[in-house]
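Peer 1: Structure file query-v1.pdb, PDB, C-alpha atoms, is pasted below:
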ATOM      1  CA  MET A   1     105.777  90.261 114.338  1.00  0.00           C
ATOM      2  CA  ILE A   2     106.385  93.910 115.135  1.00  0.00           C
ATOM      3  CA  ASN A   3     103.240  96.045 115.262  1.00  0.00           C
ATOM      4  CA  ILE A   4     103.153  99.642 114.050  1.00  0.00           C
ATOM      5  CA  VAL A   5     100.321 101.743 115.489  1.00  0.00           C
ATOM      6  CA  LEU A   6      99.343 105.047 113.859  1.00  0.00           C
ATOM      7  CA  LEU A   7      97.126 107.215 116.021  1.00  0.00           C
ATOM      8  CA  GLU A   8      94.924 109.462 113.872  1.00  0.00           C
ATOM      9  CA  PRO A   9      97.179 109.587 110.792  1.00  0.00           C
ATOM     10  CA  GLU A  10      96.489 112.606 108.587  1.00  0.00           C
ATOM     11  CA  MET A  11      98.450 112.156 105.367  1.00  0.00           C
ATOM     12  CA  PRO A  12      97.622 109.374 102.920  1.00  0.00           C
ATOM     13  CA  ALA A  13     101.058 109.378 101.257  1.00  0.00           C
ATOM     14  CA  ASN A  14     102.845 108.882 104.600  1.00  0.00           C
ATOM     15  CA  THR A  15     100.445 106.093 105.543  1.00  0.00           C
ATOM     16  CA  GLY A  16     100.955 104.475 102.134  1.00  0.00           C
ATOM     17  CA  ASN A  17     104.730 104.604 102.604  1.00  0.00           C
ATOM     18  CA  ILE A  18     104.389 103.130 106.080  1.00  0.00           C
ATOM     19  CA  GLY A  19     102.152 100.377 104.724  1.00  0.00           C
ATOM     20  CA  ARG A  20     104.781  99.517 102.120  1.00  0.00           C
ATOM     21  CA  THR A  21     107.458  99.397 104.834  1.00  0.00           C
ATOM     22  CA  CYS A  22     105.241  97.116 106.932  1.00  0.00           C
ATOM     23  CA  VAL A  23     104.811  94.723 103.992  1.00  0.00           C
ATOM     24  CA  ALA A  24     108.586  94.700 103.371  1.00  0.00           C
ATOM     25  CA  THR A  25     109.258  93.876 107.027  1.00  0.00           C
ATOM     26  CA  ALA A  26     106.309  91.524 107.679  1.00  0.00           C
ATOM     27  CA  SER A  27     105.036  93.980 110.284  1.00  0.00           C
ATOM     28  CA  ARG A  28     101.404  94.576 111.160  1.00  0.00           C
ATOM     29  CA  LEU A  29      99.835  98.041 110.759  1.00  0.00           C
ATOM     30  CA  HIS A  30      97.159  99.341 113.134  1.00  0.00           C
ATOM     31  CA  LEU A  31      95.296 102.539 112.168  1.00  0.00           C
ATOM     32  CA  ILE A  32      93.341 104.349 114.873  1.00  0.00           C
ATOM     33  CA  GLU A  33      90.591 106.688 113.677  1.00  0.00           C
ATOM     34  CA  PRO A  34      89.846 109.349 112.854  1.00  0.00           C
ATOM     35  CA  LEU A  35      91.895 109.077 109.670  1.00  0.00           C
ATOM     36  CA  GLY A  36      92.616 112.223 107.693  1.00  0.00           C
ATOM     37  CA  PHE A  37      91.836 110.358 104.459  1.00  0.00           C
ATOM     38  CA  LYS A  38      89.856 107.447 103.040  1.00  0.00           C
ATOM     39  CA  LEU A  39      91.534 104.068 102.668  1.00  0.00           C
ATOM     40  CA  ASN A  40      90.694 104.015  98.953  1.00  0.00           C
ATOM     41  CA  GLU A  41      92.449 107.330  98.171  1.00  0.00           C
ATOM     42  CA  LYS A  42      94.807 107.317  95.185  1.00  0.00           C
ATOM     43  CA  ALA A  43      97.632 108.949  97.155  1.00  0.00           C
ATOM     44  CA  LEU A  44      97.529 106.118  99.698  1.00  0.00           C
ATOM     45  CA  LYS A  45      97.585 103.431  97.028  1.00  0.00           C
ATOM     46  CA  ARG A  46     100.240 105.221  94.962  1.00  0.00           C
ATOM     47  CA  ALA A  47     102.628 105.488  97.926  1.00  0.00           C
ATOM     48  CA  GLY A  48     101.957 101.866  98.870  1.00  0.00           C
ATOM     49  CA  LEU A  49     102.513 100.795  95.250  1.00  0.00           C
ATOM     50  CA  ASP A  50     101.091  97.380  94.491  1.00  0.00           C
ATOM     51  CA  TYR A  51     101.805  96.137  98.014  1.00  0.00           C
ATOM     52  CA  TRP A  52      98.668  97.412  99.745  1.00  0.00           C
ATOM     53  CA  ASP A  53      96.724  94.177  99.159  1.00  0.00           C
ATOM     54  CA  LYS A  54      99.532  92.275 100.949  1.00  0.00           C
ATOM     55  CA  LEU A  55      99.386  94.525 104.027  1.00  0.00           C
ATOM     56  CA  ASP A  56      98.166  93.167 107.364  1.00  0.00           C
ATOM     57  CA  VAL A  57      96.171  96.232 108.462  1.00  0.00           C
ATOM     58  CA  THR A  58      93.375  96.779 110.970  1.00  0.00           C
ATOM     59  CA  VAL A  59      91.392  99.966 111.567  1.00  0.00           C
ATOM     60  CA  TYR A  60      90.035 100.897 115.015  1.00  0.00           C
ATOM     61  CA  SER A  61      87.352 103.416 115.937  1.00  0.00           C
ATOM     62  CA  ASP A  62      89.494 104.933 118.728  1.00  0.00           C
ATOM     63  CA  TYR A  63      92.359 104.215 121.144  1.00  0.00           C
ATOM     64  CA  GLU A  64      90.095 102.328 123.563  1.00  0.00           C
ATOM     65  CA  ASP A  65      88.893 100.067 120.742  1.00  0.00           C
ATOM     66  CA  PHE A  66      92.533  99.355 119.868  1.00  0.00           C
ATOM     67  CA  LEU A  67      93.376  98.450 123.494  1.00  0.00           C
ATOM     68  CA  GLN A  68      90.298  96.235 123.870  1.00  0.00           C
ATOM     69  CA  ARG A  69      91.091  94.311 120.696  1.00  0.00           C
ATOM     70  CA  ASN A  70      94.832  94.082 121.464  1.00  0.00           C
ATOM     71  CA  PRO A  71      95.167  93.370 125.206  1.00  0.00           C
ATOM     72  CA  GLN A  72      98.682  92.017 124.592  1.00  0.00           C
ATOM     73  CA  ALA A  73      99.747  95.564 123.652  1.00  0.00           C
ATOM     74  CA  VAL A  74      99.355  96.746 127.247  1.00  0.00           C
ATOM     75  CA  GLY A  75     102.845  96.714 128.783  1.00  0.00           C
ATOM     76  CA  ASN A  76     104.347  95.805 125.404  1.00  0.00           C
ATOM     77  CA  MET A  77     104.122  99.161 123.627  1.00  0.00           C
ATOM     78  CA  TYR A  78     106.541 101.991 122.986  1.00  0.00           C
ATOM     79  CA  PHE A  79     105.492 105.533 122.161  1.00  0.00           C
ATOM     80  CA  ALA A  80     107.586 107.420 119.615  1.00  0.00           C
ATOM     81  CA  THR A  81     107.527 111.087 120.566  1.00  0.00           C
ATOM     82  CA  THR A  82     109.780 114.123 120.475  1.00  0.00           C
ATOM     83  CA  LYS A  83     108.926 114.459 124.184  1.00  0.00           C
ATOM     84  CA  GLY A  84     110.544 111.132 125.157  1.00  0.00           C
ATOM     85  CA  LYS A  85     113.348 111.037 127.706  1.00  0.00           C
ATOM     86  CA  LYS A  86     115.004 107.989 126.115  1.00  0.00           C
ATOM     87  CA  VAL A  87     116.522 107.572 122.678  1.00  0.00           C
ATOM     88  CA  TYR A  88     114.848 104.855 120.610  1.00  0.00           C
ATOM     89  CA  THR A  89     118.036 102.736 120.739  1.00  0.00           C
ATOM     90  CA  GLU A  90     118.023 102.637 124.560  1.00  0.00           C
ATOM     91  CA  VAL A  91     115.107 100.218 124.962  1.00  0.00           C
ATOM     92  CA  SER A  92     114.708  96.502 124.199  1.00  0.00           C
ATOM     93  CA  TYR A  93     112.007  95.745 121.639  1.00  0.00           C
ATOM     94  CA  GLY A  94     110.459  92.301 121.887  1.00  0.00           C
ATOM     95  CA  PRO A  95     109.564  90.335 118.755  1.00  0.00           C
ATOM     96  CA  ASP A  96     105.843  91.093 119.193  1.00  0.00           C
ATOM     97  CA  CYS A  97     106.055  94.649 120.496  1.00  0.00           C
ATOM     98  CA  TYR A  98     103.875  97.579 119.479  1.00  0.00           C
ATOM     99  CA  ILE A  99     105.323 100.938 118.487  1.00  0.00           C
ATOM    100  CA  MET A 100     102.898 103.869 118.404  1.00  0.00           C
ATOM    101  CA  PHE A 101     103.301 107.054 116.380  1.00  0.00           C
ATOM    102  CA  GLY A 102     101.008 110.058 116.633  1.00  0.00           C
ATOM    103  CA  LYS A 103      99.460 112.189 113.960  1.00  0.00           C
ATOM    104  CA  GLU A 104     101.740 114.450 111.965  1.00  0.00           C
ATOM    105  CA  SER A 105     100.413 117.746 113.318  1.00  0.00           C
ATOM    106  CA  ALA A 106     100.302 116.986 117.042  1.00  0.00           C
ATOM    107  CA  GLY A 107     101.942 113.669 117.917  1.00  0.00           C
ATOM    108  CA  ILE A 108     100.619 111.350 120.603  1.00  0.00           C
ATOM    109  CA  PRO A 109      98.379 113.117 123.145  1.00  0.00           C
ATOM    110  CA  GLU A 110     100.159 113.908 126.408  1.00  0.00           C
ATOM    111  CA  GLU A 111      97.321 112.173 128.295  1.00  0.00           C
ATOM    112  CA  ILE A 112      98.615 108.900 126.843  1.00  0.00           C
ATOM    113  CA  LEU A 113     102.324 109.728 127.168  1.00  0.00           C
ATOM    114  CA  VAL A 114     102.185 110.696 130.838  1.00  0.00           C
ATOM    115  CA  LYS A 115     100.979 107.168 131.700  1.00  0.00           C
ATOM    116  CA  HIS A 116     104.030 105.588 129.992  1.00  0.00           C
ATOM    117  CA  PRO A 117     107.137 107.707 130.712  1.00  0.00           C
ATOM    118  CA  GLU A 118     109.572 104.766 130.542  1.00  0.00           C
ATOM    119  CA  GLU A 119     108.178 103.593 127.208  1.00  0.00           C
ATOM    120  CA  CYS A 120     108.421 106.974 125.464  1.00  0.00           C
ATOM    121  CA  VAL A 121     111.270 107.040 122.956  1.00  0.00           C
ATOM    122  CA  ARG A 122     112.627 109.765 120.729  1.00  0.00           C
ATOM    123  CA  ILE A 123     114.753 110.037 117.626  1.00  0.00           C
ATOM    124  CA  PRO A 124     117.597 112.514 118.239  1.00  0.00           C
ATOM    125  CA  MET A 125     117.478 115.643 116.102  1.00  0.00           C
ATOM    126  CA  TRP A 126     119.630 118.730 115.834  1.00  0.00           C
ATOM    127  CA  GLY A 127     118.475 122.146 116.975  1.00  0.00           C
ATOM    128  CA  GLU A 128     114.859 123.148 117.206  1.00  0.00           C
ATOM    129  CA  ILE A 129     113.508 120.928 114.451  1.00  0.00           C
ATOM    130  CA  ARG A 130     109.925 120.040 115.398  1.00  0.00           C
ATOM    131  CA  SER A 131     109.839 116.543 113.932  1.00  0.00           C
ATOM    132  CA  LEU A 132     110.869 114.231 111.136  1.00  0.00           C
ATOM    133  CA  ASN A 133     108.558 112.967 108.407  1.00  0.00           C
ATOM    134  CA  LEU A 134     106.275 110.315 109.909  1.00  0.00           C
ATOM    135  CA  SER A 135     107.116 107.555 107.429  1.00  0.00           C
ATOM    136  CA  ASN A 136     110.845 108.188 107.974  1.00  0.00           C
ATOM    137  CA  SER A 137     110.361 108.052 111.748  1.00  0.00           C
ATOM    138  CA  VAL A 138     108.501 104.756 111.509  1.00  0.00           C
ATOM    139  CA  ALA A 139     111.265 103.260 109.354  1.00  0.00           C
ATOM    140  CA  ILE A 140     114.022 104.406 111.736  1.00  0.00           C
ATOM    141  CA  VAL A 141     112.439 102.948 114.879  1.00  0.00           C
ATOM    142  CA  LEU A 142     111.019  99.845 113.175  1.00  0.00           C
ATOM    143  CA  TYR A 143     114.390  98.855 111.756  1.00  0.00           C
ATOM    144  CA  GLU A 144     116.012  99.230 115.180  1.00  0.00           C
ATOM    145  CA  ALA A 145     113.388  96.869 116.616  1.00  0.00           C
ATOM    146  CA  LEU A 146     114.008  94.441 113.748  1.00  0.00           C
ATOM    147  CA  ARG A 147     117.784  94.688 114.229  1.00  0.00           C
ATOM    148  CA  GLN A 148     117.430  93.894 117.920  1.00  0.00           C
ATOM    149  CA  ASN A 149     115.443  90.798 116.933  1.00  0.00           C
ATOM    150  CA  GLU A 150     118.184  89.781 114.470  1.00  0.00           C
ATOM    151  CA  PHE A 151     115.965  90.531 111.428  1.00  0.00           C
ATOM    152  CA  ASP A 152     114.084  87.317 112.162  1.00  0.00           C
ATOM    153  CA  HIS A 153     112.655  85.729 108.984  1.00  0.00           C
ATOM    154  CA  MET A 154     114.020  88.520 106.774  1.00  0.00           C
ATOM    155  CA  LYS A 155     116.200  88.098 103.699  1.00  0.00           C
ATOM    156  CA  LEU A 156     119.684  89.254 104.687  1.00  0.00           C
ATOM    157  CA  THR A 157     121.506  88.994 101.362  1.00  0.00           C
ATOM    158  CA  GLY A 158     120.786  90.402  97.929  1.00  0.00           C
ATOM    159  CA  GLN A 159     121.469  89.331  94.358  1.00  0.00           C
ATOM    160  CA  LEU A 160     122.566  91.226  91.289  1.00  0.00           C
ATOM    161  CA  HIS A 161     120.069  91.083  88.427  1.00  0.00           C
ATOM    162  CA  ARG A 162     122.338  90.866  85.376  1.00  0.00           C
ATOM    163  CA  LEU A 163     125.772  90.066  86.776  1.00  0.00           C
ATOM    164  CA  HIS A 164     127.124  87.786  89.512  1.00  0.00           C
ATOM    165  CA  TRP A 165     129.161  88.556  92.622  1.00  0.00           C
TER
END
Go ahead and render the structure in this file as structure tokens.

Peer 2:
Amino acid sequence: MINIVLLEPEMPANTGNIGRTCVATASRLHLIEPLGFKLNEKALKRAGLDYWDKLDVTVYSDYEDFLQRNPQAVGNMYFATTKGKKVYTEVSYGPDCYIMFGKESAGIPEEILVKHPEECVRIPMWGEIRSLNLSNSVAIVLYEALRQNEFDHMKLTGQLHRLHW
């Protein structure tokens, strides 16, 4: 199971969208405080639709709490950042990897990034664009990790509702 880690997320709608994506992909969501919202906010629930109760989510008091409770993340985590030297498609994501994303306004602190230069990955962008929307970024990198793991346990074909193929 792929693990998505949000460090100090600020926007409830983005977090709700990410939660919905995690449910759809059977991924686990880790939220590291402080959060810029309350988990019972309407915007969070609205973006997550009726999937929030199906979400595997854990909240941590800080980054150290996250590391203590997830020792398997050490050496098995990638850091999505505009400062990364590698493109997100240039690394191999294991089936139980962790992918961290920073808060919308500042990203992942450089004190964390500098300790993991080979695990920092970026999504290519044109020009001087500062960043993509956080929920879009999570979806882009998460689906690459899932693709590399052959979409294990995921439904690969769809069905028409009224007609037949």

Peer 1: Which residue out of A:Ile99, A:Thr82, A:Gly16, A:Asp152 has the minimum interatomic distance to A:Lys42 when only C-alpha atoms are used?

Peer 2: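 Once distances to A:Lys42 are computed over only C-alpha atoms, the minimum belongs to A:Gly16.
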
Peer 1: In Å, how far is it from atom CA of A:Ile112 to atom CA of A:Cys97?

Peer 2: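 Straight-line distance from atom CA of A:Ile112 to atom CA of A:Cys97 works out to 17.3 Å.
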
Peer 1: List the residues selected by the PyMOL selection byres ((chain A and resi 35) around 6) in the file shown, writing them as a VMD selection string.

Peer 2: chain A and resid 8 to 10 33 to 34 36 to 37

Peer 1: Report as a Markdown table: every residue of stretch 2-97 of chain A with an atom at most 12 Å from stretch 123-127 of chain A, its closest pair of atoms, and their distance in Å to one decimal, counting all atoms listed in the file, with rows sorted by chain and ascending residue number.

Peer 2:
| residue | atom | partner | partner_atom | distance |
| --- | --- | --- | --- | --- |
| A:Phe79 | CA | A:Ile123 | CA | 11.3 |
| A:Ala80 | CA | A:Ile123 | CA | 7.9 |
| A:Thr81 | CA | A:Ile123 | CA | 7.9 |
| A:Thr82 | CA | A:Ile123 | CA | 7.0 |
| A:Lys83 | CA | A:Ile123 | CA | 9.8 |
| A:Gly84 | CA | A:Ile123 | CA | 8.7 |
| A:Lys85 | CA | A:Ile123 | CA | 10.2 |
| A:Lys86 | CA | A:Ile123 | CA | 8.7 |
| A:Val87 | CA | A:Ile123 | CA | 5.9 |
| A:Tyr88 | CA | A:Ile123 | CA | 6.0 |
| A:Thr89 | CA | A:Ile123 | CA | 8.6 |
| A:Glu90 | CA | A:Ile123 | CA | 10.7 |

Peer 1: Save out the residues we just selected, C-alpha atoms, as a compact mmCIF listing (two decimals), keeping the file's coordinate frame.

Peer 2:
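Contents of selection10.txt, freshly written:
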# COMPACT_ATOMS: atom_id res chain seq x y z
CA PHE A 79 105.49 105.53 122.16
CA ALA A 80 107.59 107.42 119.62
CA THR A 81 107.53 111.09 120.57
CA THR A 82 109.78 114.12 120.48
CA LYS A 83 108.93 114.46 124.18
CA GLY A 84 110.54 111.13 125.16
CA LYS A 85 113.35 111.04 127.71
CA LYS A 86 115.00 107.99 126.12
CA VAL A 87 116.52 107.57 122.68
CA TYR A 88 114.85 104.86 120.61
CA THR A 89 118.04 102.74 120.74
CA GLU A 90 118.02 102.64 124.56

Peer 1: Would you mind reading off the distance between atom CA of A:Arg20 and atom CA of A:Leu156, one decimal, in Å?

Peer 2: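 Atom CA of A:Arg20 sits 18.3 Å away from atom CA of A:Leu156.
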
Peer 1: Expand the PyMOL selection byres ((chain A and resi 135-146) around 8) into the individual residues it matches in the shown file, reporting them as a PyMOL selection string.

Peer 2: chain A and resi 2+4+14-15+17-18+21+88-89+92-95+99+101+123+132-134+147-152

Peer 1: Find the distance between atom CA of A:Val5 and atom CA of A:Lys115 and write it in Å to one decimal.

Peer 2: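 Computing it gives 17.1 Å between the two atoms.
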
Peer 1: Please return, as a list in words, all polymer residues that have at least one atom within 10 Å of the point (105.4, 93.0, 104.9); use all atoms listed in the file and the file's own coordinate frame.

Peer 2: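 Residues close enough to count: Met1, Gly19, Arg20, Thr21, Cys22, Val23, Ala24, Thr25, Ala26, Ser27, Arg28, Leu29, Tyr51, Trp52, Lys54, Leu55, Asp56 and Met154 of chain A.
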
Peer 1: Output C-alpha atoms for every residue in that selection, as a tab-separated table (two decimals), in the coordinates of the input.

Peer 2:
chain	number	residue	atom	x	y	z
A	1	MET	CA	105.78	90.26	114.34
A	19	GLY	CA	102.15	100.38	104.72
A	20	ARG	CA	104.78	99.52	102.12
A	21	THR	CA	107.46	99.40	104.83
A	22	CYS	CA	105.24	97.12	106.93
A	23	VAL	CA	104.81	94.72	103.99
A	24	ALA	CA	108.59	94.70	103.37
A	25	THR	CA	109.26	93.88	107.03
A	26	ALA	CA	106.31	91.52	107.68
A	27	SER	CA	105.04	93.98	110.28
A	28	ARG	CA	101.40	94.58	111.16
A	29	LEU	CA	99.84	98.04	110.76
A	51	TYR	CA	101.80	96.14	98.01
A	52	TRP	CA	98.67	97.41	99.74
A	54	LYS	CA	99.53	92.28	100.95
A	55	LEU	CA	99.39	94.52	104.03
A	56	ASP	CA	98.17	93.17	107.36
A	154	MET	CA	114.02	88.52	106.77

Peer 1: Select, from A:Ser105, A:Leu39, A:Leu7, A:Asp96, the residue with the minimum atom-to-atom distance to A:Tyr60, counting only C-alpha atoms.

Peer 2: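 Going through A:Ser105, A:Leu39, A:Leu7, A:Asp96 one by one, the smallest distance to A:Tyr60 is for A:Leu7.
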
Peer 1: Taking all atoms listed in the file into account, which of A:Val91, A:Tyr63, A:Tyr98, A:Arg69 comes nearest A:Glu111?

Peer 2: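 Closest to A:Glu111 of all the choices is A:Tyr63.
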
Peer 1: Got a minute to add N, CA, C and O atoms to stretch 66-88 of chain A and dump it as a PDB file, in the coordinates of the input?

Peer 2:
ATOM      1  N   PHE A  66      91.247 100.001 120.125  1.00  0.00           N
ATOM      2  CA  PHE A  66      92.533  99.355 119.868  1.00  0.00           C
ATOM      3  C   PHE A  66      92.984  98.545 121.083  1.00  0.00           C
ATOM      4  O   PHE A  66      93.378  97.379 120.959  1.00  0.00           O
ATOM      5  N   LEU A  67      92.936  99.149 122.279  1.00  0.00           N
ATOM      6  CA  LEU A  67      93.376  98.450 123.494  1.00  0.00           C
ATOM      7  C   LEU A  67      92.498  97.238 123.800  1.00  0.00           C
ATOM      8  O   LEU A  67      93.019  96.191 124.197  1.00  0.00           O
ATOM      9  N   GLN A  68      91.202  97.361 123.608  1.00  0.00           N
ATOM     10  CA  GLN A  68      90.298  96.235 123.870  1.00  0.00           C
ATOM     11  C   GLN A  68      90.569  95.068 122.937  1.00  0.00           C
ATOM     12  O   GLN A  68      90.525  93.911 123.347  1.00  0.00           O
ATOM     13  N   ARG A  69      90.876  95.365 121.686  1.00  0.00           N
ATOM     14  CA  ARG A  69      91.091  94.311 120.696  1.00  0.00           C
ATOM     15  C   ARG A  69      92.523  93.795 120.668  1.00  0.00           C
ATOM     16  O   ARG A  69      92.804  92.786 120.017  1.00  0.00           O
ATOM     17  N   ASN A  70      93.421  94.479 121.391  1.00  0.00           N
ATOM     18  CA  ASN A  70      94.832  94.082 121.464  1.00  0.00           C
ATOM     19  C   ASN A  70      95.318  94.125 122.903  1.00  0.00           C
ATOM     20  O   ASN A  70      96.237  94.889 123.235  1.00  0.00           O
ATOM     21  N   PRO A  71      94.757  93.311 123.792  1.00  0.00           N
ATOM     22  CA  PRO A  71      95.167  93.370 125.206  1.00  0.00           C
ATOM     23  C   PRO A  71      96.649  93.068 125.411  1.00  0.00           C
ATOM     24  O   PRO A  71      97.248  93.544 126.361  1.00  0.00           O
ATOM     25  N   GLN A  72      97.248  92.329 124.499  1.00  0.00           N
ATOM     26  CA  GLN A  72      98.682  92.017 124.592  1.00  0.00           C
ATOM     27  C   GLN A  72      99.556  93.250 124.375  1.00  0.00           C
ATOM     28  O   GLN A  72     100.740  93.234 124.698  1.00  0.00           O
ATOM     29  N   ALA A  73      98.983  94.329 123.860  1.00  0.00           N
ATOM     30  CA  ALA A  73      99.747  95.564 123.652  1.00  0.00           C
ATOM     31  C   ALA A  73     100.043  96.277 124.972  1.00  0.00           C
ATOM     32  O   ALA A  73     101.051  96.972 125.090  1.00  0.00           O
ATOM     33  N   VAL A  74      99.172  96.086 125.955  1.00  0.00           N
ATOM     34  CA  VAL A  74      99.355  96.746 127.247  1.00  0.00           C
ATOM     35  C   VAL A  74     100.640  96.213 127.893  1.00  0.00           C
ATOM     36  O   VAL A  74     100.815  95.010 128.062  1.00  0.00           O
ATOM     37  N   GLY A  75     101.555  97.102 128.204  1.00  0.00           N
ATOM     38  CA  GLY A  75     102.845  96.714 128.783  1.00  0.00           C
ATOM     39  C   GLY A  75     103.855  96.238 127.746  1.00  0.00           C
ATOM     40  O   GLY A  75     104.956  95.839 128.098  1.00  0.00           O
ATOM     41  N   ASN A  76     103.474  96.271 126.472  1.00  0.00           N
ATOM     42  CA  ASN A  76     104.347  95.805 125.404  1.00  0.00           C
ATOM     43  C   ASN A  76     104.395  96.835 124.265  1.00  0.00           C
ATOM     44  O   ASN A  76     104.551  96.482 123.119  1.00  0.00           O
ATOM     45  N   MET A  77     104.202  98.113 124.637  1.00  0.00           N
ATOM     46  CA  MET A  77     104.122  99.161 123.627  1.00  0.00           C
ATOM     47  C   MET A  77     105.086 100.294 123.952  1.00  0.00           C
ATOM     48  O   MET A  77     105.258 100.661 125.109  1.00  0.00           O
ATOM     49  N   TYR A  78     105.678 100.821 122.894  1.00  0.00           N
ATOM     50  CA  TYR A  78     106.541 101.991 122.986  1.00  0.00           C
ATOM     51  C   TYR A  78     105.862 103.135 122.253  1.00  0.00           C
ATOM     52  O   TYR A  78     105.104 102.921 121.308  1.00  0.00           O
ATOM     53  N   PHE A  79     106.145 104.346 122.687  1.00  0.00           N
ATOM     54  CA  PHE A  79     105.492 105.533 122.161  1.00  0.00           C
ATOM     55  C   PHE A  79     106.559 106.459 121.592  1.00  0.00           C
ATOM     56  O   PHE A  79     107.365 107.009 122.343  1.00  0.00           O
ATOM     57  N   ALA A  80     106.587 106.582 120.274  1.00  0.00           N
ATOM     58  CA  ALA A  80     107.586 107.420 119.615  1.00  0.00           C
ATOM     59  C   ALA A  80     107.122 108.870 119.673  1.00  0.00           C
ATOM     60  O   ALA A  80     106.066 109.219 119.150  1.00  0.00           O
ATOM     61  N   THR A  81     107.913 109.695 120.338  1.00  0.00           N
ATOM     62  CA  THR A  81     107.527 111.087 120.566  1.00  0.00           C
ATOM     63  C   THR A  81     108.756 111.955 120.737  1.00  0.00           C
ATOM     64  O   THR A  81     109.758 111.520 121.326  1.00  0.00           O
ATOM     65  N   THR A  82     108.675 113.180 120.271  1.00  0.00           N
ATOM     66  CA  THR A  82     109.780 114.123 120.475  1.00  0.00           C
ATOM     67  C   THR A  82     109.911 114.490 121.949  1.00  0.00           C
ATOM     68  O   THR A  82     110.900 115.082 122.348  1.00  0.00           O
ATOM     69  N   LYS A  83     108.920 114.133 122.756  1.00  0.00           N
ATOM     70  CA  LYS A  83     108.926 114.459 124.184  1.00  0.00           C
ATOM     71  C   LYS A  83     109.578 113.374 125.039  1.00  0.00           C
ATOM     72  O   LYS A  83     109.709 113.522 126.240  1.00  0.00           O
ATOM     73  N   GLY A  84     109.977 112.259 124.421  1.00  0.00           N
ATOM     74  CA  GLY A  84     110.544 111.132 125.157  1.00  0.00           C
ATOM     75  C   GLY A  84     111.858 111.472 125.832  1.00  0.00           C
ATOM     76  O   GLY A  84     112.640 112.290 125.339  1.00  0.00           O
ATOM     77  N   LYS A  85     112.107 110.836 126.968  1.00  0.00           N
ATOM     78  CA  LYS A  85     113.348 111.037 127.706  1.00  0.00           C
ATOM     79  C   LYS A  85     114.432 110.067 127.270  1.00  0.00           C
ATOM     80  O   LYS A  85     115.609 110.266 127.574  1.00  0.00           O
ATOM     81  N   LYS A  86     114.051 108.992 126.571  1.00  0.00           N
ATOM     82  CA  LYS A  86     115.004 107.989 126.115  1.00  0.00           C
ATOM     83  C   LYS A  86     115.126 108.050 124.596  1.00  0.00           C
ATOM     84  O   LYS A  86     114.163 108.337 123.899  1.00  0.00           O
ATOM     85  N   VAL A  87     116.304 107.709 124.113  1.00  0.00           N
ATOM     86  CA  VAL A  87     116.522 107.572 122.678  1.00  0.00           C
ATOM     87  C   VAL A  87     115.992 106.192 122.270  1.00  0.00           C
ATOM     88  O   VAL A  87     116.070 105.231 123.043  1.00  0.00           O
ATOM     89  N   TYR A  88     115.483 106.092 121.079  1.00  0.00           N
ATOM     90  CA  TYR A  88     114.848 104.855 120.610  1.00  0.00           C
ATOM     91  C   TYR A  88     115.772 103.640 120.639  1.00  0.00           C
ATOM     92  O   TYR A  88     115.312 102.505 120.663  1.00  0.00           O
TER      93      TYR A  88
END
